[in-house]
Structure formats: C-alpha cells, structure tokens
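Notes follow the structure.
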Amino acid sequence: MVSSGLTLQRFVSRVVFIVFSVLVAISVQAQPGEITGTMPEDYLPELKPILATALQRSPETIAKEFDRLSAEARLTQANSSRLPRVGGNFNYGITRTAIAANTSRQESNSGFYYSFGLSQAIFHWGALSAEREAARISVIVSDKGLALAYRELSVMLRKVYLALIVEKAELQQARKSLQLVRDDLAIIRAKKESGSVSGAAVAGEELREREHSVEIARVEADFAANRRRFARLAGIAGGDLPEERIPADIPRPTYSEPLTTALLAALLRDNAKGTIEYEIYDLKLRDAVLRQKIAATRLLPKFGANASYTLENSTNVNGNLAEQVATIRQSAGIGGAWDIFDGFATGGAKREALISKRAIEQRKAADIEELLQNAQARERALKVDAELLDITDTRHGMAIEGRDRIATEVGFGNLAKGEIARAQIGILQADAKKLGARATFLNRWSEFVALAGHDPVLNNLPARHVREKK
C-alpha cells in the first residue's frame, strides 16, 4: 500500500510538472517580442518607408515637434532662475549744480558714468529646483506627446492605406462591370439593326450604361481624393499617391491567439503602465506635485546675494557752495525678501494646484480604464475577424471554381461565351470582400498592438521620445 501511494504521488507530480512546462512554453512563445512580422507594413513593404517619412514630413508630427522645441525653450528659461544675473546702466552727460540762494555760481561737470551689478538666488525653499524640474517634465511630456501622435498617425496611415487597396479592387470590379454592360449594349444594338429587338430595349441598356459610367466616375473621384488625403497626411512629396503605387493585393495575415492573449494579459496585469498614455499621465501628476510645492513657498522669505560696482556723479553742498565730484561705490552682500501677506493669493494658488492634481488623477483613471476596455474589445473582435478571413477565402475559392465550371460548359457549347466574363466579375467581387476582410483584421491588429504599447513603428523615433531622460 505504501508503494502504491508513492507511485500515485510520483505520477501526479510528473503530470503537474508536464502541465506547468507546457504552460511556460506557451507563455514564452507568446511574448510581445514576437510582434515583428505581423504588422501591415510587414505584409506590405511599400508602406514601411511611408511610415518612416511621415515622422519628418507629416503636418501632425511637425506641429508636435514645434511643441517639443517650445518646451525645450521654456526649460532654458526655467534654468536661468538658478544662474547669476548681470546687468547695468551707463550714461554720458553734463551736470550743472547750484544752490537755490545763489544760482549765479554753478558747478559744472561732464563725463561717462556707469553702474553694473550681479545677483544670485541662494535659497528659495526648493521652488527654483521645482520650477526647473517641472520644465524638464514638460519637455519629456512633449517628447512622449510626439511619440503618441506619431503612433496614432501610423495607425491612421495603415488604415487609410489598406482602405485604398480595397477601393482599388472595388474600382477594378466596377470597371469590369462597365465593360460587360458596354459589351451587352453593343450586342443589343446589333440585334436592333437586324430588327430582333425594339428601340426601347436599346434605350434601356443605354441608360444602364450611363448609370454605370456616372457611378464609376464618382468612385474614381472619391478614390483620387482619398489618395491625395493620404499623401497629405503622410507628407508625401507632390501631394498625391498614383494609383499604380497602390498594391493590388493584401497577403493573408496570420492570427496568433496565444500572442494576442499574452499581449492583453501583460497590459491588464500592469494596468497599462507600459503605455505612453500612462507615462504621460504619470509625468503630469509629478508636475502637479511640483506645482503644489512651488505654491507652498510663496509666503516664505527668499534669500539671495548681490554685488555692484558704480561710478557716479555726487553733489556736496558746503554753505553757499555746491560741488560735484565723481565717486566710485562698491558693494556686496546677502539679502532677502519676504511677502508676509498677499491677500490670500497663496491659499488660492495652493487650492488650485491641489484641484489640478486631483483632476489629473480622475482623468488618468478614466482614460486608462477606457484604454483597457478598448484593448479587450479589440482582442475579442480579432477572433471574429480571423473567422472572416477563412470565410472570404472560401468564397473566393468557390467563385474561381464556379468560373472554371462555366468555362467548361462554354467549351461544350452549353453556355454563351459571355458567361465567363460574368463569372469573372463574381471573382472580382469575392476578391474585394476578401481584401476587405484582411484589411479589417490588420487594422484591428494595428490598433490592438498600439493600445498594448508595443507598436514597432516607435522604433523610428529617437530613444528620448520613448524613454524618460534623467
């Protein structure tokens, strides 16, 4: 009995070990580092240089770069409060002096006079350091704001680029349909000449041809406008993306449920701490704390050092005689300034800083919760999108098989040759739906990866935009 118990215990231990090993293996295989090769630009290499160029040329990223440069300028201003200040004044002139009781006797003097001084803040209860740190945080927020804007721009560019591919496929199908209508119109016109059809039938076909032509003209105009919109958004030179530069196909993407689950699990486990959105809010909270510290020092005495060197004209009165003489004055010392009562302005500033901090905390909680919910919704939608990939591929294959059967029947003489062209239109329609399903999946995947904080497009940015500078 003892031997049997030990055997059962060893068996259970081995089973537990095997299950644990499998789970660890699955977890290792589903690490976020496996994202490489799954993004739209990996399936469509033409998109990758467009995303890279958009960083320097897109109006959105250029505007964010100006914001970042402005933040750097404000940091320089904040640093200046901790450095010595040097200033002075000078003049050249003539001075005449006389006592009021005897204006007939005047003392005249002329020359170049000047005064220069130096001041240095010594102790402001940490307010100057806090202002400098707040300005530095503002620069980091601007860096991350540029990264966030570029990431969102890249998600949008991927979406529009994929939509253009689908539009191109739909336009090709519409052009093929128009050609088929024109072929039918030519046939019915020939029949009219032989007297086998009426003029009303011909008029009906002509109206159908006009309707198709107008519809295609509208679709082509929309397609051209969307290409120009994409070119402007991406900062493409010339402001347009020719139709021939748009791919005719989207390779079938691969759906990895373990990778998707691992990305979502990591995001939920860390409460989105690895995302740019969380980092920006964390920085803003640090800035709010510093603003509170600065406000708290407003009614405290501030100390500083100063020194000056002055050459000036002095007037001395001795009895009825006024005399002028150039004098040199040098001084150095340590002083302070103290605002004892400012009409409760400091109390208002402290309350404002506290309210600002609480407002940021509330927005952070709400936005991070929304981010997590959006990520979970996209994770669930990806499973449905993956099913649609299979369905549309199957429909496309069935359309090809149907065309092949019709071609066989045409070869036997059982069907008219024009039926092959009609079947080909069915293939084009199925192809457009197939591309639409692939575009939808890749769009959703791009959004999901971006929300999870692992978008590889951020590798195009300098490291300072992604990681905080100490």
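Chain identifiers are assigned as A, B, and so on, following the order in which chains appear in the structure tokens; residues are numbered from 1 within each chain, and ligands are numbered from 1 in order of appearance.
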- List every residue of segment 298-441 of chain A that DSSP, applied to the backbone, labels as strand (DSSP E), and write the result as a PyMOL selection string. chain A and resi 302-318+321-337
Closest pair table for segment 317-391 of chain A residues within 9 Å of segment 254-265 of chain A, only C-alpha atoms, as JSON lines:
```
{"residue": "A:Leu372", "atom": "CA", "partner": "A:Leu264", "partner_atom": "CA", "distance": 8.6}
{"residue": "A:Ala375", "atom": "CA", "partner": "A:Leu264", "partner_atom": "CA", "distance": 7.1}
{"residue": "A:Gln376", "atom": "CA", "partner": "A:Leu264", "partner_atom": "CA", "distance": 7.1}
{"residue": "A:Glu379", "atom": "CA", "partner": "A:Thr260", "partner_atom": "CA", "distance": 6.8}
{"residue": "A:Leu382", "atom": "CA", "partner": "A:Tyr255", "partner_atom": "CA", "distance": 8.1}
{"residue": "A:Lys383", "atom": "CA", "partner": "A:Glu257", "partner_atom": "CA", "distance": 7.9}
{"residue": "A:Ala386", "atom": "CA", "partner": "A:Tyr255", "partner_atom": "CA", "distance": 6.4}
```
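When only C-alpha atoms are used to measure the gap to Ile328 of chain A, the shortest distance among A:Glu206, A:Ala78, A:Ala432, A:Phe116 belongs to A:Phe116.
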- Message: What's around Ala430 of chain A at 8 Å? Count only C-alpha atoms, leave out sequence neighbours fewer than 3 positions away in its own chain, and write the answer as a PyMOL selection string.
- Response: chain A and resi 392+395-396+399+426-427+433-434
Could you turn the residues from that selection into a file that holds C-alpha atoms, as a PDB file, in the first residue's frame?
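Now in out_28.pdb:
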```pdb
ATOM      1  CA  THR A 392     -13.907  35.169 -47.524  1.00  0.00           C
ATOM      2  CA  ARG A 395     -15.971  32.330 -51.015  1.00  0.00           C
ATOM      3  CA  HIS A 396     -13.195  33.461 -53.313  1.00  0.00           C
ATOM      4  CA  ALA A 399     -16.068  31.845 -57.193  1.00  0.00           C
ATOM      5  CA  GLY A 426     -18.076  37.419 -59.402  1.00  0.00           C
ATOM      6  CA  ILE A 427     -14.429  36.550 -58.723  1.00  0.00           C
ATOM      7  CA  LYS A 433     -14.541  41.175 -49.996  1.00  0.00           C
ATOM      8  CA  LYS A 434     -11.509  39.030 -49.242  1.00  0.00           C
TER       9      LYS A 434
END
```
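Every protein or nucleic acid residue with an atom no more than 7 Å from segment 37-40 of chain A, counting only C-alpha atoms and leaving out same-chain residues fewer than 2 positions away, appears here: Ile35, Asp42, Tyr43, Leu44, Arg158, Leu442 and Ser446 of chain A.
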File dump, residues just selected, C-alpha atoms, as a tab-separated table (two decimals), in the first residue's frame:
```tsv
chain	number	residue	atom	x	y	z
A	35	ILE	CA	5.12	41.10	-32.96
A	42	ASP	CA	5.44	43.74	-42.83
A	43	TYR	CA	2.90	42.34	-45.28
A	44	LEU	CA	3.05	45.48	-47.47
A	158	ARG	CA	-2.13	51.95	-42.10
A	442	LEU	CA	-4.86	44.19	-39.99
A	446	SER	CA	-2.58	47.51	-35.57
```
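When atom CA of Asp270 of chain A is paired with atom CA of Arg378 of chain A, their separation reads 18.2 Å.
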- Query: Do you have the atom CA of Ser110 of chain A-atom CA of Leu311 of chain A distance handy?
  - Reply: 12.7 Å
